[in-house]
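Q: Can you keep this structure in mind? I'll have questions shortly.
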Amino acid sequence: MSKLNWKYSFINNLPYFVILAIYTISFPFTKHRNSGSLLGPILIFIIIWLGYYLLFQKKYWQKHPEANILNRKLTLMSWLISIVGAVGLPVYVLVTQSHTNFFLFMSYLLILLLIRDSFSEPKDNIC
């Protein structure tokens with residue numbers, strides 16, 4: 001069994017943590033809790049992701065090429081987790097009827113991505 005790489009997994013998925021935290025903090029203050037406009041959350045996601053990539057991740061990848069997503073490969077365990085997650089997410093949403101609960105959906109997705117990425121390993125031909 002391969003060693004779990006939690007550091008890579010956390011760095012790779014940090015924007016999702018930020019988005020989940022912002023949503024959790026701002027949820028009690030929202031007036032409209034329906035699935036109306038998605039423009040605000042989409043813009044926030046794009047801004048956070050671009051800021052994270054341009055200010056941190058690009059520089060980090062230059063110093064640590066083994067952490068670049070292009071220099072990583074998914075192991076068999078990563079693929080199995082992805083398949084179970086791809087099947088499990090729709091089942092989870094149908095069973096719990098939580099398609100309107102963004103917090104539960106993002107939490108499930110974040111846990112799935114963290115575990116999947118922690119099982120990935122560096123490619124052999126890293127520059």
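Note on naming: chains are A, B, ... as they come in the structure tokens, residues start from 1 per chain, ligands start from 1 in the order shown.
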Name the residues in contact with segment 109-118 of chain A at a cut-off of 8 Å, using only C-alpha atoms, excluding same-chain residues fewer than 3 positions from it; report them as a list in words.

A: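 Near segment 109-118 of chain A, the qualifying residues are Leu4, Asn5, Trp6, Lys7, Tyr8, Ser9, Phe10, Asn12, Asn13, Tyr16, Phe17, Leu74, Met77, Ser78, Trp79, Ile81, Ser82, Gly85, Leu89, Phe105 and Met106 of chain A.
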
Q: Next, write the just-selected residues to a file, as an mmCIF file, in the first residue's frame, keeping C-alpha atoms as the atom set.

A:
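result01.cif was written with the following content:
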```cif
data_model
loop_
_atom_site.group_PDB
_atom_site.id
_atom_site.type_symbol
_atom_site.label_atom_id
_atom_site.label_comp_id
_atom_site.auth_asym_id
_atom_site.auth_seq_id
_atom_site.Cartn_x
_atom_site.Cartn_y
_atom_site.Cartn_z
ATOM 1 C CA LEU A 4 -0.822 8.782 1.797
ATOM 2 C CA ASN A 5 0.220 12.241 0.676
ATOM 3 C CA TRP A 6 -2.058 14.539 2.691
ATOM 4 C CA LYS A 7 0.098 17.638 2.081
ATOM 5 C CA TYR A 8 -0.345 17.398 -1.686
ATOM 6 C CA SER A 9 -4.025 16.637 -1.268
ATOM 7 C CA PHE A 10 -4.612 19.647 0.978
ATOM 8 C CA ASN A 12 -4.423 20.826 -4.342
ATOM 9 C CA ASN A 13 -7.895 21.227 -2.780
ATOM 10 C CA TYR A 16 -12.575 24.101 -2.028
ATOM 11 C CA PHE A 17 -11.894 24.522 1.697
ATOM 12 C CA LEU A 74 -3.660 8.316 -9.949
ATOM 13 C CA MET A 77 -6.905 3.114 -5.093
ATOM 14 C CA SER A 78 -7.458 6.666 -6.413
ATOM 15 C CA TRP A 79 -9.447 5.318 -9.347
ATOM 16 C CA ILE A 81 -12.311 6.014 -4.798
ATOM 17 C CA SER A 82 -13.276 8.132 -7.832
ATOM 18 C CA GLY A 85 -17.599 8.614 -5.339
ATOM 19 C CA LEU A 89 -22.749 11.019 -4.886
ATOM 20 C CA PHE A 105 -22.812 18.282 -1.158
ATOM 21 C CA MET A 106 -19.535 20.247 -0.976
#
```

Q: Extract, using only C-alpha atoms, all DNA, RNA and protein residues at most 8 Å from Arg72 of chain A, discarding same-chain residues fewer than 5 positions from it, and format them as a PyMOL selection string.

A: chain A and resi 66-67+120-123

Q: Tell me which of A:Phe119, A:Phe103, A:Pro90, A:Ile83 sits closest to Ser26 of chain A, counting only C-alpha atoms.

A: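 Ranked by minimum distance to Ser26 of chain A, first place goes to A:Phe103.
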
Q: What gap, in Å, lies between atom CA of His64 of chain A and atom CA of Ile11 of chain A?

A: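 Distance between the two atoms: 11.7 Å.
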
Q: Kindly indicate which residue among A:Leu104, A:Ala86, A:Leu76, A:Ile22 lies nearest to Ile48 of chain A, using only C-alpha atoms for the distances.

A: A:Ile22

Q: Could you check the closest approach to Tyr52 of chain A for each of A:Ile19, A:Leu14, A:Ile25, A:Val84 and tell me which residue wins, using only C-alpha atoms?

A: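 So, comparing all the options, the nearest one is A:Leu14.
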
Q: Could you please determine the separation between atom CA of Thr75 of chain A and atom CA of Tyr92 of chain A in Å, to one decimal place?

A: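 Interatomic distance here is 24.8 Å.
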
Q: Of the candidates A:Pro15, A:Leu20, A:Lys58, A:Lys73, which shows the shortest atom-to-atom distance to Tyr108 of chain A, using only C-alpha atoms?

A: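 Closest candidate: A:Leu20.
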